[in-house]
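Here the structure is laid out as C-alpha cells; the discussion comes afterwards.
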Amino acid sequence: MECRLCPRECGVDRGRKVHGVCGVSDELRVARAALHAWEEPCISGERGSGTVFFSGCPLQCVFCQNREIALGRSGKEISVERLSEIFLELQDKGAHNINLVTPTHFVPQIVRALEMARVQGLRLPIVYNTGSYERVDTLRMLEGIVDIYLPDLKYVDCGLSGRYSHAKDYFAWASPAIREMVRQIGETRFQGELMIRGVIVRHLVLPGCAEDSKAVVRYLHETYGDRVYLSIMNQFTPIGDLGRYPELNRRVTEEEYDEVVDYAIELGVENGFIQEGETARESFIPAFDLEGV
C-alpha cells in the first residue's frame, strides 16, 4: 500500500519493509518508553509524562536534537500488541499521560495499540507530540483519541524551512494541521495543574532567526488568541555535523530569546511558557537506550 501519511507523500509500500522518507518501514520502531520530566509543567507534572519516542521522522531537520532516532537507524522493532502493553506499563509507573513523540508515520498502528490498551484499562490522556509536518487527513484518524496536541510551529519563512528541514512547504502544511488540532480539541481543560485537554504550540528559537520567531508568535496570537498555549523554547543545542550550516553552530543568545519573549508579551500573549536557566545542554536530551521497550 502506497504511504501518504505525511506531506512527503513518497508513495512507497512500507508494508514490504521499504523505508519511506521518514526512514522506516511500517514496522513499529521505538527507541525509548519512560517517564519524562522535561516537558511543559502541565504535561510532566510531578511524576512525569509517559513518553514513547518513535524512530524515524518525516522532516529530518538538520539541527534535530533527537537525530539519533530521527534517521530511523536506532530503536527496536515491536508489535502493535507490545506497544499497547507499553502504554499500560507507563500507566502503572504513574505517568500523568501517554506522550507520543514523532508519531506521524505510525498513526494507524498507534490507533490500534491505543484501542487495545483501552480495552485493558488505559485511562490516561493521550498527547500527540509532533513537528506539525502533517496531513489533515492523517490527523482526522486521531479525532476522539488524542486529548492534547503538542505541535511545533518551527517556521513561517519558506526559505528557512527549506534550508533547515528540507521542506519549503512546511508552513503551508503546518498551519492547516494546527487548525485541525484546535478544531478537534475545542475547549482547554485542566485537572489541578495538569492539562487534560488542549493544544500547546511549541516554537524553538534558532540562532539568527528572531524575526521569523516573531512572525510565528504573531501568526499564532492573531489566529488563535488564548485558545492555544504558546511555548517559546531557548534549548537549541548545536549537535552533529553543522559544517554546511555554520550560522547554526552556536546557542541562542539571551538577547535573541528575550527579544522574542518580549515581543510575545507586547502582543498580549497570556497563555504561555518560557524557559529559564541552562536548558540548552545536551544533558536534556534523553538516552535512546531502549528503556521500557
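Chain identifiers are assigned as A, B, and so on, following the order in which chains appear in the C-alpha cells; residues are numbered from 1 within each chain, and ligands are numbered from 1 in order of appearance.
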* Got a sec: who's within 12 Å of Thr102 of chain A, counting only C-alpha atoms, leaving out chain neighbours fewer than 4 positions off, as a ChimeraX atom specification? -> /A:6,22,29-31,51-60,64,66-67,69-72,106-107,110,127-134,149-152
* Skipping near chain neighbours, those fewer than 2 positions away, what residues fall within 12 Å of Gly192 of chain A using only C-alpha atoms, listed as a PyMOL selection string? -> chain A and resi 41-43+45-46+189-190+194-196
Write the residues of the selection above to a file with C-alpha atoms, as an mmCIF file, in the first residue's frame.
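For reference, result.cif as written:
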```
data_model
loop_
_atom_site.group_PDB
_atom_site.id
_atom_site.type_symbol
_atom_site.label_atom_id
_atom_site.label_comp_id
_atom_site.auth_asym_id
_atom_site.auth_seq_id
_atom_site.Cartn_x
_atom_site.Cartn_y
_atom_site.Cartn_z
ATOM 1 C CA PRO A 41 4.957 21.652 33.628
ATOM 2 C CA CYS A 42 1.294 20.939 32.882
ATOM 3 C CA ILE A 43 2.351 17.865 30.875
ATOM 4 C CA GLY A 45 3.580 17.211 36.387
ATOM 5 C CA GLU A 46 5.301 15.741 39.418
ATOM 6 C CA ARG A 189 -9.313 21.723 30.316
ATOM 7 C CA PHE A 190 -7.131 21.286 33.378
ATOM 8 C CA LEU A 194 -2.278 19.218 34.784
ATOM 9 C CA MET A 195 -3.663 19.778 31.305
ATOM 10 C CA ILE A 196 -6.063 17.010 30.349
#
```
* To do: Name the closest residue to Gly15 of chain A among the candidates A:Thr104, A:Gln109, A:Asn249, A:Thr223; distances are taken between atoms, counting only C-alpha atoms.
  =>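 Under the stated criterion, the closest residue is A:Gln109.
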* **Selection near Asp92 of chain A, 12 Å with only C-alpha atoms, sequence-local residues under 2 positions removed, as a ChimeraX atom specification** => /A:34-35,47,50,85-90,94-98,121-124
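Shortest separation to Val293 of chain A among A:Gly23, A:Gly240, A:Gly48, A:Gly75 occurs at residue A:Gly75, atoms counted being only C-alpha atoms.
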* Between atom CA of Tyr155 of chain A and atom CA of Cys10 of chain A - distance in Å to one decimal ->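 Between these atoms lies a distance of 22.6 Å.
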* Given only C-alpha atoms as the counted atoms, nearest of A:Val136, A:His166, A:Glu77, A:Asn271 to Arg179 of chain A ->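 With only C-alpha atoms as the atom set, the closest residue is A:Val136.
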* For Val80 of chain A, work out the shell of residues within 9 Å, counting only C-alpha atoms and skipping chain neighbours fewer than 6 positions away, then give it as a list in words. =>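 Using only C-alpha atoms, the neighbours found are Glu27, Leu28, Gln109, Ile110, Arg112, Ala113 and Met116 of chain A.
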* helix (DSSP H, G or I) call set, DSSP backbone run, segment 48-135 of chain A, as a PyMOL selection string -> chain A and resi 67-70+80-92+104-119
Backbone DSSP call of strand (DSSP E) for segment 20-97 of chain A, listed as a compact mmCIF listing (two decimals) with all heavy atoms, in the first residue's frame:
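selection-v1.txt was written with the following content:
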```txt
# COMPACT_ATOMS: atom_id res chain seq x y z
N ARG A 29 8.87 1.01 15.34
CA ARG A 29 10.23 1.05 15.88
C ARG A 29 10.26 2.11 16.97
O ARG A 29 9.96 3.27 16.72
CB ARG A 29 11.24 1.35 14.78
CG ARG A 29 12.69 1.32 15.25
CD ARG A 29 13.66 1.60 14.11
NE ARG A 29 13.79 0.43 13.24
CZ ARG A 29 14.72 -0.52 13.40
NH1 ARG A 29 15.57 -0.44 14.40
NH2 ARG A 29 14.78 -1.52 12.56
N VAL A 30 10.63 1.69 18.18
CA VAL A 30 10.61 2.57 19.35
C VAL A 30 12.00 2.58 20.00
O VAL A 30 12.63 1.54 20.14
CB VAL A 30 9.55 2.10 20.36
CG1 VAL A 30 9.60 2.92 21.64
CG2 VAL A 30 8.15 2.19 19.73
N ALA A 31 12.46 3.77 20.40
CA ALA A 31 13.80 3.92 20.97
C ALA A 31 13.79 4.08 22.49
O ALA A 31 14.80 3.85 23.14
CB ALA A 31 14.50 5.12 20.34
N ARG A 32 12.65 4.48 23.03
CA ARG A 32 12.59 4.70 24.48
C ARG A 32 11.13 4.84 24.90
O ARG A 32 10.33 5.42 24.17
CB ARG A 32 13.36 5.96 24.87
CG ARG A 32 13.38 6.29 26.37
CD ARG A 32 14.18 7.57 26.61
NE ARG A 32 14.09 8.03 27.99
CZ ARG A 32 14.88 7.63 28.98
NH1 ARG A 32 15.84 6.75 28.73
NH2 ARG A 32 14.75 8.10 30.21
N ALA A 33 10.80 4.31 26.07
CA ALA A 33 9.46 4.47 26.63
C ALA A 33 9.63 4.60 28.15
O ALA A 33 9.87 3.61 28.84
CB ALA A 33 8.57 3.28 26.29
N ALA A 34 9.51 5.83 28.65
CA ALA A 34 9.83 6.07 30.05
C ALA A 34 9.15 7.33 30.55
O ALA A 34 8.65 8.14 29.77
CB ALA A 34 11.35 6.19 30.22
N LEU A 35 9.15 7.51 31.86
CA LEU A 35 8.66 8.75 32.45
C LEU A 35 9.63 9.87 32.10
O LEU A 35 10.85 9.71 32.22
CB LEU A 35 8.53 8.60 33.97
CG LEU A 35 7.57 7.52 34.46
CD1 LEU A 35 7.55 7.50 35.99
CD2 LEU A 35 6.17 7.73 33.91
N HIS A 36 9.09 10.99 31.68
CA HIS A 36 9.89 12.10 31.16
C HIS A 36 9.49 13.37 31.89
O HIS A 36 8.32 13.75 31.91
CB HIS A 36 9.61 12.23 29.65
CG HIS A 36 10.54 13.13 28.93
ND1 HIS A 36 11.89 12.93 28.83
CD2 HIS A 36 10.29 14.27 28.21
CE1 HIS A 36 12.45 13.88 28.10
NE2 HIS A 36 11.49 14.72 27.72
N SER A 49 5.74 12.51 32.32
CA SER A 49 4.90 12.15 31.18
C SER A 49 5.36 10.80 30.65
O SER A 49 6.55 10.54 30.52
CB SER A 49 5.05 13.23 30.09
OG SER A 49 4.32 12.91 28.94
N GLY A 50 4.41 9.94 30.34
CA GLY A 50 4.74 8.60 29.83
C GLY A 50 5.11 8.67 28.36
O GLY A 50 4.26 8.46 27.49
N THR A 51 6.37 8.93 28.10
CA THR A 51 6.81 9.33 26.77
C THR A 51 7.34 8.14 25.96
O THR A 51 8.23 7.42 26.41
CB THR A 51 7.89 10.41 26.88
OG1 THR A 51 7.40 11.47 27.73
CG2 THR A 51 8.23 10.99 25.53
N VAL A 52 6.80 7.99 24.76
CA VAL A 52 7.23 6.95 23.83
C VAL A 52 7.89 7.63 22.63
O VAL A 52 7.23 8.38 21.90
CB VAL A 52 6.05 6.08 23.36
CG1 VAL A 52 6.53 4.98 22.43
CG2 VAL A 52 5.30 5.50 24.56
N PHE A 53 9.18 7.40 22.45
CA PHE A 53 9.93 8.00 21.35
C PHE A 53 9.96 7.03 20.17
O PHE A 53 10.58 5.97 20.25
CB PHE A 53 11.36 8.32 21.79
CG PHE A 53 11.48 9.48 22.75
CD1 PHE A 53 11.41 9.26 24.12
CD2 PHE A 53 11.66 10.77 22.28
CE1 PHE A 53 11.52 10.33 25.01
CE2 PHE A 53 11.77 11.84 23.16
CZ PHE A 53 11.70 11.62 24.52
N PHE A 54 9.31 7.41 19.07
CA PHE A 54 9.29 6.58 17.87
C PHE A 54 10.48 6.94 16.97
O PHE A 54 10.86 8.12 16.87
CB PHE A 54 7.98 6.78 17.11
CG PHE A 54 6.78 6.29 17.85
CD1 PHE A 54 6.03 7.14 18.65
CD2 PHE A 54 6.41 4.95 17.79
CE1 PHE A 54 4.93 6.69 19.35
CE2 PHE A 54 5.31 4.48 18.50
CZ PHE A 54 4.57 5.35 19.28
N LYS A 76 14.06 -0.26 18.44
CA LYS A 76 13.75 -1.69 18.37
C LYS A 76 12.40 -1.89 17.71
O LYS A 76 11.45 -1.18 18.00
CB LYS A 76 13.74 -2.27 19.79
CG LYS A 76 13.39 -3.74 19.88
CD LYS A 76 13.38 -4.19 21.33
CE LYS A 76 12.99 -5.65 21.47
NZ LYS A 76 12.94 -6.07 22.90
N GLU A 77 12.33 -2.83 16.81
CA GLU A 77 11.05 -3.15 16.17
C GLU A 77 10.17 -3.92 17.15
O GLU A 77 10.62 -4.88 17.78
CB GLU A 77 11.27 -3.96 14.89
CG GLU A 77 11.88 -3.15 13.76
CD GLU A 77 11.88 -3.90 12.44
OE1 GLU A 77 11.57 -5.11 12.44
OE2 GLU A 77 12.21 -3.27 11.41
```
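Distance annotation: of A:Ala37, A:Val217, A:Met1, A:Val201, the residue with the minimal separation from Glu259 of chain A is A:Val217; atom set is only C-alpha atoms.
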* **Contacts of Arg4 of chain A at 10 Å (only C-alpha atoms; same-chain gap of 6+ positions) as a list in words** => Cys10, Gly11, Val12, Asp13, Gly20, His105, Arg135, Asp137 and Thr138 of chain A
Those residues you just picked out, can you put them in a file as a CSV table (one decimal), in the first residue's frame with all heavy atoms?
```csv
chain,number,residue,atom,x,y,z
A,10,CYS,N,5.6,10.1,-0.2
A,10,CYS,CA,6.6,9.3,-1.0
A,10,CYS,C,6.1,8.1,-1.7
A,10,CYS,O,6.6,7.7,-2.7
A,10,CYS,CB,7.8,9.0,-0.1
A,10,CYS,SG,7.4,7.9,1.2
A,11,GLY,N,4.9,7.6,-1.3
A,11,GLY,CA,4.2,6.6,-2.0
A,11,GLY,C,4.9,5.2,-2.0
A,11,GLY,O,4.5,4.3,-2.7
A,12,VAL,N,5.8,5.0,-1.1
A,12,VAL,CA,6.5,3.6,-1.1
A,12,VAL,C,5.6,2.7,-0.3
A,12,VAL,O,4.7,3.1,0.5
A,12,VAL,CB,7.9,3.7,-0.4
A,12,VAL,CG1,8.8,4.7,-1.2
A,12,VAL,CG2,7.8,4.1,1.1
A,13,ASP,N,5.7,1.4,-0.6
A,13,ASP,CA,5.0,0.4,0.1
A,13,ASP,C,5.8,0.0,1.4
A,13,ASP,O,6.6,-0.9,1.3
A,13,ASP,CB,4.7,-0.8,-0.8
A,13,ASP,CG,3.8,-1.9,-0.1
A,13,ASP,OD1,3.5,-1.7,1.1
A,13,ASP,OD2,3.4,-2.8,-0.8
A,20,GLY,N,10.3,4.7,3.9
A,20,GLY,CA,9.9,5.9,3.3
A,20,GLY,C,10.9,7.0,3.6
A,20,GLY,O,12.0,6.8,4.1
A,105,HIS,N,4.3,8.9,11.2
A,105,HIS,CA,4.4,7.8,10.2
A,105,HIS,C,3.9,6.4,10.8
A,105,HIS,O,4.0,5.4,10.1
A,105,HIS,CB,5.9,7.7,9.8
A,105,HIS,CG,6.9,7.8,10.9
A,105,HIS,ND1,7.0,9.0,11.6
A,105,HIS,CD2,7.7,6.9,11.5
A,105,HIS,CE1,7.9,8.8,12.5
A,105,HIS,NE2,8.4,7.6,12.5
A,135,ARG,N,-0.5,15.8,7.4
A,135,ARG,CA,-1.7,15.9,6.6
A,135,ARG,C,-2.9,15.9,7.4
A,135,ARG,O,-3.0,15.1,8.4
A,135,ARG,CB,-1.7,14.7,5.6
A,135,ARG,CG,-0.7,14.7,4.5
A,135,ARG,CD,-0.7,13.4,3.7
A,135,ARG,NE,-2.0,13.1,3.2
A,135,ARG,CZ,-2.6,13.6,2.1
A,135,ARG,NH1,-1.8,14.3,1.3
A,135,ARG,NH2,-3.8,13.3,1.7
A,137,ASP,N,-5.8,14.8,6.7
A,137,ASP,CA,-6.4,13.5,6.6
A,137,ASP,C,-5.9,12.5,7.7
A,137,ASP,O,-6.6,11.7,8.2
A,137,ASP,CB,-6.3,12.9,5.2
A,137,ASP,CG,-7.2,13.6,4.2
A,137,ASP,OD1,-8.0,14.4,4.6
A,137,ASP,OD2,-6.9,13.4,3.0
A,138,THR,N,-4.6,12.6,7.9
A,138,THR,CA,-4.0,11.7,8.9
A,138,THR,C,-4.4,12.1,10.3
A,138,THR,O,-4.8,11.2,11.1
A,138,THR,CB,-2.5,11.7,8.8
A,138,THR,OG1,-2.1,11.3,7.5
A,138,THR,CG2,-1.8,10.8,9.8
```
* Asked: Of the residues A:Asp26, A:Asp258, A:Glu193, A:Glu180, which is the one nearest to Lys214 of chain A, using only C-alpha atoms?
  ->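 Looking only at the distances to Lys214 of chain A, the closest residue turns out to be A:Asp258.
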* Asked: In Å, how far is it from atom CA of Val24 of chain A to atom CA of Met233 of chain A?
  -> 28.5 Å
* Any idea what the distance is between atom CA of Val269 of chain A and atom CA of Tyr229 of chain A? ->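 Straight-line distance from atom CA of Val269 of chain A to atom CA of Tyr229 of chain A works out to 8.8 Å.
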* **Residues within 10 Å of segment 208-211 of chain A, only C-alpha atoms, excluding chain neighbours under 5 positions, as a list in words** =>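 Counting only C-alpha atoms, the residues come to Tyr155, Val156, Asp157, Leu160, Val216, Val217, Glu247, Leu248, Arg250, Arg251, Val252, Thr253, Glu255, Glu256, Tyr257, Asp258, Glu259 and Val260 of chain A.
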